[in-house]
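Here the structure comes first, spelled out in structure tokens, and everything after it is commentary.
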Amino acid sequence: MERLVRNYMITSNDATEEVKAIVSEIVYSIKSGQSTLIILVQILGEFLKNEDPTIRAKGTGLLSAVLADCPQEQFTINVLVDFYCERLSDTASVPELLQGIASLIQFNTFNDENALKVAKSIFASVNVQSFQQTSRHYVFQIFDRMLKDHLTALKQMGQDFVVGFIQAMDGEKDPRNLLLAFSLIKLIIHEFDISQRVELLFEVTFCYFPITFKPPPDDPYGITADDLKIALRECLSATPYFAEFAMPLLLEKLTSSSGNAKKDSMETLAACAPVYGANSIVPYLEPLWEYLKDEIINATDDSFENIALETIKNIVATLSSGIIDRMDHLQQFLKTIVTECMENLKEPELKLAKPCGRILMYCAMASDPSFNIVTLATLRVLIQQYKESELATRKKGILDVLRELITASKNLYGSIDKPSQNIDTDFVTPLSNYKYDYMEIFSSALLNQNEYNELRLCGLRGLYEMILLRQFFNDDEIGVILQYFNRAILEETEQEIVDEALKFLANIAKCKSEIVLEVTLPVFLDNLPCNEDEMKIDNIHGTNLMKANFVKTLDALSELAIEPILFEAYVPQILKKLDFASSNFSTAGIDLEYSESLLHSLHSLLLKKTNHSDISRYVDTLVPHLLTKSIGPSLYDKPEVNNTIQSVFCEEKIIKIVAGIISVITKNLNVSEQSIFISHIFEIFVKGNLNLNYLGFSDQEKSLFMTTFNPLSVESSFQQQNLSLLFTAAVGSCRNEVPYPVPNISEFLSNIVRITLYTKNELHQRSLAQLAASILNKWNQENELKQFVETKILGELRNHFTSSSTENEIIRQISLDTFIWLTKALILRTYPLGYECVSQITSQFSDPILGKRASEGFEVLIGESDFLNKASFAVIRILYKQKFFNYCMPILAEGFKMSSDEVKHNYLIALSHLLRNIPKQVLLSELPSLFPLLIHSLSLPDAELKSSTIDTFYIISGDASRIISEHVSSLVPLLLSSTKPDKGNTMQVRISALQCLGILPDHVSFDVLFPFKSKILRELSTALDDKKRLVRKQAVDCRSKWFLFTGPRADN
Amino acid sequence: MPELINANPTIYATSKNSLRVITADDENEDIEDMIDSREVFDLIRSISDPEHPLTLEELNVTQLEHVTVDDNNDSVVIEFTPTIPHCSMATLIGLCIRVRLLRSLPERFKVDINVRKGTHQSEQAVNKQLNDKERVAAALENAHLLEVVNQCLTTAYARGTIKRHQ
């Protein structure tokens, strides 16, 4: 031990490693019982008493360092505390002593008495502010810990503690220490009797106001100015004692020329007002109002205006709380405000009306008394003024103010769409007294069709906002207003009014479903034609009108009928109309469009109902209905032979929407529901059993069937084959626990794959390829899966497209397509053999027939798809995109280098699909090696490749500004030439190029870009005269950005 | 804060000239879109007023009806209305419009910018200044003035989409 201590004493001050080693050796010997702390102290004794202060300090440092790591049972705390406290008067050793105390207070055995001793000793012996930051930080840490653990003991010190702490922090400048000190001040204010020391405490705190701290550029502490502001504000607003000192100073800072100081003062006032109380604010009301008013009326910045308003609100709230006699001040203050605002509101179309309206709103929502006072003083006048006014802009100005008060009521008295807010439900909004006036004014504003649009919108918005007020309108009144809304949506020609009315109604449908069910839904459903008379159209004009009408009505219903009770009423009606439309198939095509719109509305509503549990019940009603409708027509005859019996359900686009509906419903079923449903689906689509009760074909219908149902077969009619889409939609949307009712999956899957190769129907092929991919992806029998992939996919299927001599071109292409889908299924689950498949695909890039197709296949491999996604319960491993990218990147980069120009193109296409679909971070990491490829892409005349590459540049420009800077001289000319209307530069390319050029000034520094500025400005003049308006718009924006790009301003 | 020339101007809602809707023709590569008055109005409507944080459209200084464009004959005529007849900002506002169009329209256009008849007491002087190429160029040599103009133009991109809180 002695040897260690002596070694330590002769180490130089910067040999930290050595010191650490010695300390840990000492700690080890104490822990293992070879030695004790006492022995260490004894050995250190001679150094601790040495005349040389640096030696004393160094000795203390060793003891403190050992203490930090020492188990507490090894020593008696009292002895050490005494020892440390006594030595604190030895100034030279204080830093090391504080470090030791900071360790001591962590021990469980450190008790109240020790805490008192430490506090007293520090106050008595340590001149805190004469030490370095780290030592000062120890002091604040010590107090922080002791105030938490030994508060009661320290409180015995009373005044002495308060004064001691004030002295310790007086003059502190370091942000880390201040943040801690502020939180301690707040605690002291709450826990100690400060009444004797208010001024001292205030001075030591307020001297930091306003905070002007700016974190150093590398921000090593992570402390922001806002952290300090908030901490200081919490101190200043911690006690009403501060009021008399703070108010005059805060008021003075309000008039400061610094925006920061103003803002901080307002926010601090807003926080302090409720604490300081009415009496403290009253003397300053007049200047406060003058100042805050000025800030609101002349605000150039919304944030200042909002803070000033918030401050007024808090002042009014403060004046409102408390006993009756203080109400005089409230009355008086509000009178001043209201009088001035009303003076400005005499001409409400002028600029000052808006801020005045906002002031009234904030005053009103401060408290129930203030709301009453404000409404009493203003509403009669405003309502009268509205009724007497002829000028539309003036009327609108008044409605705006009336609406501000609706908002105030909503905030203070609550609204029905957010009932959980913290609101005192005993109060009823005083606006109720003006309910009928309000209703009349706002209704008439909306209903007058010749009126200024903006005024009508105001009427609409006001009515909506009032419906949402708690305890305002009763259900009958809401019903009346909803009728106005119905009319606005169905009959109005002004699109803006239609859109807003619909948006509002949709929101009301969420909280007042019953009223919407009763008042709105029937009107909208009746507006959809349901019989021949209603559908009778004699000319093209009538057709267009009818179409516009049902499209509009259905669009509206798609927003409204989301809630379960509304949807329940909607579905049977829509099916009725669909039966009518589909049974009446005529050549005019209107039936087809009508059916399509009906189904589309159903589908979009189902998609919006993601959180509703009622969807699953529609698997037994809606789904069989649609299945019957779709399957029936495919059995009557072969339509490619005879066109007489046709149905809208033979149309591809109709089948696709039905597939979408089946898919979304399936996804919303649980495992057992899905299992039952899937067994029906297999019975129908695989076995062709149409006698199922589930389907419910009538005997009469069945008697008309001319053929069997076999939609998966290669021999069936195209029309039946198209229905495989429905099979895929159902099976592809199942959870992977759901068993398929087939004896052998491997066989079933091989069969599906075989059909995709030989069917003549492209839709059939694609739909079954996706089906196979989905089954493969969810297959959880590892052994069978492996065998299938090896023999069927990498074996048979691969042979179809690689052995060019034996197969015809079409089979090669189709087998590649199916192969790509199956590969995707494997990549999603990061199945190792999947990557082997990928390399089979890239090896086709150089094939003259398959090259392009293989490279385009990357979009399928890594892009989004309908069935292989999370929502469809596909097996998707995390980071599969990264893994895919990491596997492909070297292949693509290498292949690009080695191949001819023709083939290079295919590599770039694959790359562009890849880049479009991977996370930006992954892309950025590989950017340096990618850059040459990207630049090359811009020089090819392939529009899609070009625009996708430019988009890549656009996306990365913010994060990769350094690399972009390095390549600016090659990038800018290529982008500029892409803005010209040359071959390969489609509109999209030109727009993207202009966007990309326009974003450069945001990310690349001025000195790098400046040499290109005049060239860019000159060359962009071509784009200003582009024949397409959308391109011109982008050109103007880009060019204007470059004009305004003038580098760092000289005066900054 | 210095005294404003017109401290409490009337504000007009912008919605009657709401946004240009993109049509199928606009997106069709083969159709040529002519430059029309709406397009030019869109360029200048959201320029900020030098005095207020409001756009020229909100102050009714520019209106769609007062923009005349003839694409075939390369001509654009703009008339603007100062908020008050003695508005000393009129030339500056005109200059902002001038600079915006210099930067945004193809060079082939001849652009006339005039104060609307009878809306300003020194109508002719302002007009003369705004349509004299050399005087405009000289004005833009003044770095401070250019700074002010650029400041007013920073909102011009919005094309009427700036909506203040409703």
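Every chain in the structure tokens takes a letter, A first, then B, and so on in the order presented; its residues are numbered from 1, and the ligands are numbered from 1 following the presented order.
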
Got a sec: who's within 10 Å of segment 81-87 of chain B, counting only C-alpha atoms, leaving out chain neighbours fewer than 5 positions off, as a tab-separated table (two decimals) with C-alpha atoms, in the first residue's frame?
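New file part_20.tsv:
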```
chain	number	residue	atom	x	y	z
B	5	ILE	CA	-48.20	55.92	-45.08
B	6	ASN	CA	-51.43	53.98	-44.80
B	9	PRO	CA	-55.73	49.61	-45.23
B	10	THR	CA	-58.76	47.58	-46.31
B	56	LEU	CA	-50.66	42.95	-53.42
B	59	LEU	CA	-54.71	44.93	-50.76
B	60	ASN	CA	-56.44	44.93	-54.17
B	61	VAL	CA	-53.38	46.55	-55.72
B	62	THR	CA	-53.35	43.89	-58.41
B	63	GLN	CA	-56.40	42.27	-59.88
B	66	HIS	CA	-56.32	44.44	-64.85
B	93	ILE	CA	-44.65	48.56	-55.97
B	94	GLY	CA	-44.49	49.08	-59.73
B	114	ASN	CA	-49.16	51.49	-65.41
B	115	VAL	CA	-51.00	52.94	-62.47
B	116	ARG	CA	-54.69	52.53	-63.07
B	117	LYS	CA	-56.20	55.69	-64.43
B	118	GLY	CA	-57.32	58.13	-61.78
B	119	THR	CA	-56.00	56.23	-58.80
B	120	HIS	CA	-52.87	58.21	-58.13
B	121	GLN	CA	-52.08	61.90	-58.08
B	122	SER	CA	-48.74	61.60	-59.90
B	123	GLU	CA	-49.93	58.94	-62.27
```

Write out, as CSV, each residue of chain B that has an atom at most 9 Å from chain A, together with the closest pair of atoms and their distance in Å to one decimal, counting only C-alpha atoms, rows going by chain and rising number.
```
residue,atom,partner,partner_atom,distance
B:Ala7,CA,A:Lys351,CA,8.4
B:Asn8,CA,A:Lys351,CA,5.3
B:Pro9,CA,A:Lys351,CA,5.6
B:Thr10,CA,A:Leu350,CA,4.1
B:Ile11,CA,A:Lys351,CA,5.8
B:Tyr12,CA,A:Thr393,CA,7.6
B:Ala13,CA,A:Glu454,CA,6.9
B:Thr14,CA,A:Glu454,CA,8.6
B:Ser15,CA,A:Glu454,CA,6.8
B:Lys16,CA,A:Asn453,CA,7.0
B:Ile22,CA,A:Leu1030,CA,8.6
B:Asp26,CA,A:Arg1029,CA,6.8
B:Glu27,CA,A:Leu1030,CA,7.8
B:Asn28,CA,A:Lys1028,CA,8.6
B:Glu29,CA,A:Met987,CA,6.4
B:Asp30,CA,A:Lys1028,CA,8.9
B:Ile31,CA,A:Lys1028,CA,7.6
B:Glu32,CA,A:Lys1027,CA,5.1
B:Asp33,CA,A:Lys1028,CA,5.3
B:Met34,CA,A:Lys1027,CA,7.3
B:Ile35,CA,A:Arg1029,CA,7.5
B:Glu39,CA,A:Arg1029,CA,8.3
B:Leu43,CA,A:Val1036,CA,8.6
B:His52,CA,A:Thr300,CA,8.2
B:Pro53,CA,A:Thr300,CA,6.6
B:Arg100,CA,A:Ser1040,CA,8.3
B:Arg103,CA,A:Ser1040,CA,6.7
B:Ser104,CA,A:Val1036,CA,5.1
B:Leu105,CA,A:Leu1024,CA,6.1
B:Pro106,CA,A:Asp1025,CA,5.4
B:Glu107,CA,A:Ser1021,CA,7.6
B:Asn150,CA,A:Leu1044,CA,6.7
B:Gln151,CA,A:Leu1044,CA,9.0
B:Leu153,CA,A:Ser1040,CA,8.7
B:Thr154,CA,A:Leu1044,CA,8.1
B:Tyr157,CA,A:Asp1037,CA,6.3
B:Gln166,CA,A:Asp400,CA,8.0
```

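By chain and then residue number, the residues within 12 Å of Leu19 of chain B are Gln495 and Glu496 of chain A; Thr14, Arg38, Glu39, Phe41, Asp42, Arg45, Ser46, Ala158, Arg159, Gly160, Thr161, Ile162 and Lys163 of chain B, counting only C-alpha atoms and disregarding those fewer than 5 positions away in sequence.
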
Just write the chosen residues, all heavy atoms, as a compact mmCIF listing (two decimals), in the first residue's frame.
```
# COMPACT_ATOMS: atom_id res chain seq x y z
N GLN A 495 -67.38 25.37 -55.81
CA GLN A 495 -66.70 24.17 -55.34
C GLN A 495 -66.15 24.34 -53.92
O GLN A 495 -66.19 23.42 -53.11
CB GLN A 495 -65.56 23.82 -56.32
CG GLN A 495 -65.01 22.43 -56.16
CD GLN A 495 -66.09 21.35 -56.24
OE1 GLN A 495 -67.05 21.48 -57.02
NE2 GLN A 495 -65.99 20.33 -55.41
N GLU A 496 -65.67 25.53 -53.60
CA GLU A 496 -65.08 25.74 -52.29
C GLU A 496 -66.10 25.49 -51.18
O GLU A 496 -65.78 24.92 -50.14
CB GLU A 496 -64.54 27.17 -52.22
CG GLU A 496 -63.27 27.28 -51.41
CD GLU A 496 -62.65 28.66 -51.52
OE1 GLU A 496 -63.04 29.44 -52.42
OE2 GLU A 496 -61.78 28.97 -50.69
N THR B 14 -58.92 36.71 -50.77
CA THR B 14 -58.36 36.35 -52.06
C THR B 14 -59.10 35.20 -52.73
O THR B 14 -58.78 34.80 -53.81
CB THR B 14 -56.90 35.91 -51.89
OG1 THR B 14 -56.87 34.86 -50.95
CG2 THR B 14 -56.05 37.06 -51.41
N ARG B 38 -54.21 34.95 -66.64
CA ARG B 38 -54.23 34.27 -65.36
C ARG B 38 -52.81 33.88 -64.91
O ARG B 38 -52.44 34.02 -63.75
CB ARG B 38 -55.12 33.02 -65.50
CG ARG B 38 -55.31 32.27 -64.23
CD ARG B 38 -55.89 33.25 -63.22
NE ARG B 38 -55.69 32.74 -61.88
CZ ARG B 38 -56.58 31.99 -61.26
NH1 ARG B 38 -57.72 31.68 -61.84
NH2 ARG B 38 -56.34 31.57 -60.05
N GLU B 39 -52.06 33.40 -65.88
CA GLU B 39 -50.70 32.96 -65.55
C GLU B 39 -49.83 34.14 -65.09
O GLU B 39 -49.08 34.04 -64.13
CB GLU B 39 -50.07 32.28 -66.78
CG GLU B 39 -48.68 31.75 -66.52
CD GLU B 39 -48.19 30.84 -67.65
OE1 GLU B 39 -49.01 30.40 -68.47
OE2 GLU B 39 -46.97 30.59 -67.70
N PHE B 41 -50.99 37.00 -63.88
CA PHE B 41 -51.52 37.46 -62.60
C PHE B 41 -50.97 36.60 -61.46
O PHE B 41 -50.58 37.10 -60.40
CB PHE B 41 -53.05 37.41 -62.62
CG PHE B 41 -53.68 37.77 -61.29
CD1 PHE B 41 -53.56 39.04 -60.77
CD2 PHE B 41 -54.37 36.81 -60.56
CE1 PHE B 41 -54.13 39.38 -59.55
CE2 PHE B 41 -54.93 37.12 -59.34
CZ PHE B 41 -54.82 38.40 -58.83
N ASP B 42 -50.94 35.29 -61.68
CA ASP B 42 -50.38 34.40 -60.67
C ASP B 42 -48.94 34.76 -60.31
O ASP B 42 -48.50 34.57 -59.18
CB ASP B 42 -50.43 32.94 -61.15
CG ASP B 42 -51.79 32.30 -60.90
OD1 ASP B 42 -52.55 32.87 -60.09
OD2 ASP B 42 -52.09 31.26 -61.51
N ARG B 45 -49.43 38.21 -58.04
CA ARG B 45 -50.44 38.40 -56.99
C ARG B 45 -49.87 38.31 -55.58
O ARG B 45 -50.31 38.99 -54.67
CB ARG B 45 -51.59 37.42 -57.16
CG ARG B 45 -51.16 35.96 -57.04
CD ARG B 45 -52.20 35.01 -57.58
NE ARG B 45 -53.39 34.94 -56.73
CZ ARG B 45 -54.33 34.00 -56.87
NH1 ARG B 45 -54.21 33.08 -57.82
NH2 ARG B 45 -55.38 33.98 -56.08
N SER B 46 -48.90 37.45 -55.37
CA SER B 46 -48.41 37.24 -54.00
C SER B 46 -47.13 38.01 -53.66
O SER B 46 -46.47 37.72 -52.68
CB SER B 46 -48.19 35.75 -53.74
OG SER B 46 -49.43 35.10 -53.72
N ALA B 158 -45.75 32.11 -54.06
CA ALA B 158 -46.95 31.49 -53.48
C ALA B 158 -48.13 31.48 -54.44
O ALA B 158 -48.99 30.61 -54.36
CB ALA B 158 -47.33 32.20 -52.19
N ARG B 159 -48.21 32.44 -55.34
CA ARG B 159 -49.28 32.48 -56.35
C ARG B 159 -50.66 32.36 -55.70
O ARG B 159 -51.51 31.59 -56.13
CB ARG B 159 -49.10 31.35 -57.36
CG ARG B 159 -47.83 31.49 -58.20
CD ARG B 159 -47.61 30.29 -59.08
NE ARG B 159 -46.51 30.48 -60.01
CZ ARG B 159 -45.24 30.25 -59.73
NH1 ARG B 159 -44.91 29.88 -58.52
NH2 ARG B 159 -44.31 30.43 -60.64
N GLY B 160 -50.85 33.11 -54.64
CA GLY B 160 -52.19 33.15 -54.03
C GLY B 160 -52.42 32.07 -52.99
O GLY B 160 -53.51 31.97 -52.44
N THR B 161 -51.41 31.24 -52.70
CA THR B 161 -51.66 30.17 -51.74
C THR B 161 -51.42 30.58 -50.29
O THR B 161 -51.66 29.80 -49.39
CB THR B 161 -50.77 28.95 -52.01
OG1 THR B 161 -49.42 29.40 -52.04
CG2 THR B 161 -51.11 28.30 -53.32
N ILE B 162 -50.95 31.80 -50.07
CA ILE B 162 -50.77 32.22 -48.68
C ILE B 162 -52.14 32.45 -48.07
O ILE B 162 -52.90 33.29 -48.54
CB ILE B 162 -49.96 33.53 -48.59
CG1 ILE B 162 -48.59 33.35 -49.22
CG2 ILE B 162 -49.82 33.97 -47.15
CD1 ILE B 162 -47.77 34.60 -49.22
N LYS B 163 -52.47 31.67 -47.08
CA LYS B 163 -53.76 31.88 -46.41
C LYS B 163 -53.47 32.28 -44.99
O LYS B 163 -52.80 31.57 -44.26
CB LYS B 163 -54.58 30.58 -46.43
CG LYS B 163 -55.21 30.26 -47.77
CD LYS B 163 -56.67 30.66 -47.81
CE LYS B 163 -57.22 30.41 -49.22
NZ LYS B 163 -58.60 30.83 -49.37
```

For atom CA of Val664 of chain A and atom CA of Lys418 of chain A, quote the distance in Å rounded to one decimal.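 Taking atom CA of Val664 of chain A and atom CA of Lys418 of chain A, their separation equals 29.5 Å.
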
Just list as an MDAnalysis selection string whatever in segment 278-490 of chain A DSSP marks as helix (DSSP H, G or I). chainID A and resid 278:297 302:320 324:344 353:364 368:388 392:413 430:447 453:468 475:490

Please run DSSP on the backbone and report, as a list in words, all residues within chain B that come out as strand (DSSP E).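 Residues of chain B classed as strand (DSSP E): Val67, Thr68, Val69, Asp70, Ser75, Val76, Val77, Ile78, Glu79, Phe80, Lys110, Val111, Asp112, Ile113, Asn114 and Val115 of chain B.
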
Neighbouring residues of segment 124-141 of chain A were defined as those with any atom within 10 Å, considering only C-alpha atoms; residues of the same chain fewer than 5 positions away were excluded. Please report them as a PyMOL selection string. chain A and resi 85-91+94-103+105+118-119+146-147+164-165+167-174+176-181+184

I want to know what sits within 9 Å of segment 864-877 of chain A, based on only C-alpha atoms, with residues of the same chain fewer than 3 positions away left out; could you give that as a ChimeraX atom specification? /A:663-664,667,728-729,732-736,770-771,773-774,777-778,824-825,827-830,859-861,880,917

Kindly give the distance, in Å, that separates atom CA of Val66 of chain A and atom CA of Lys20 of chain A, rounded to a single decimal.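 Straight-line distance from atom CA of Val66 of chain A to atom CA of Lys20 of chain A works out to 9.7 Å.
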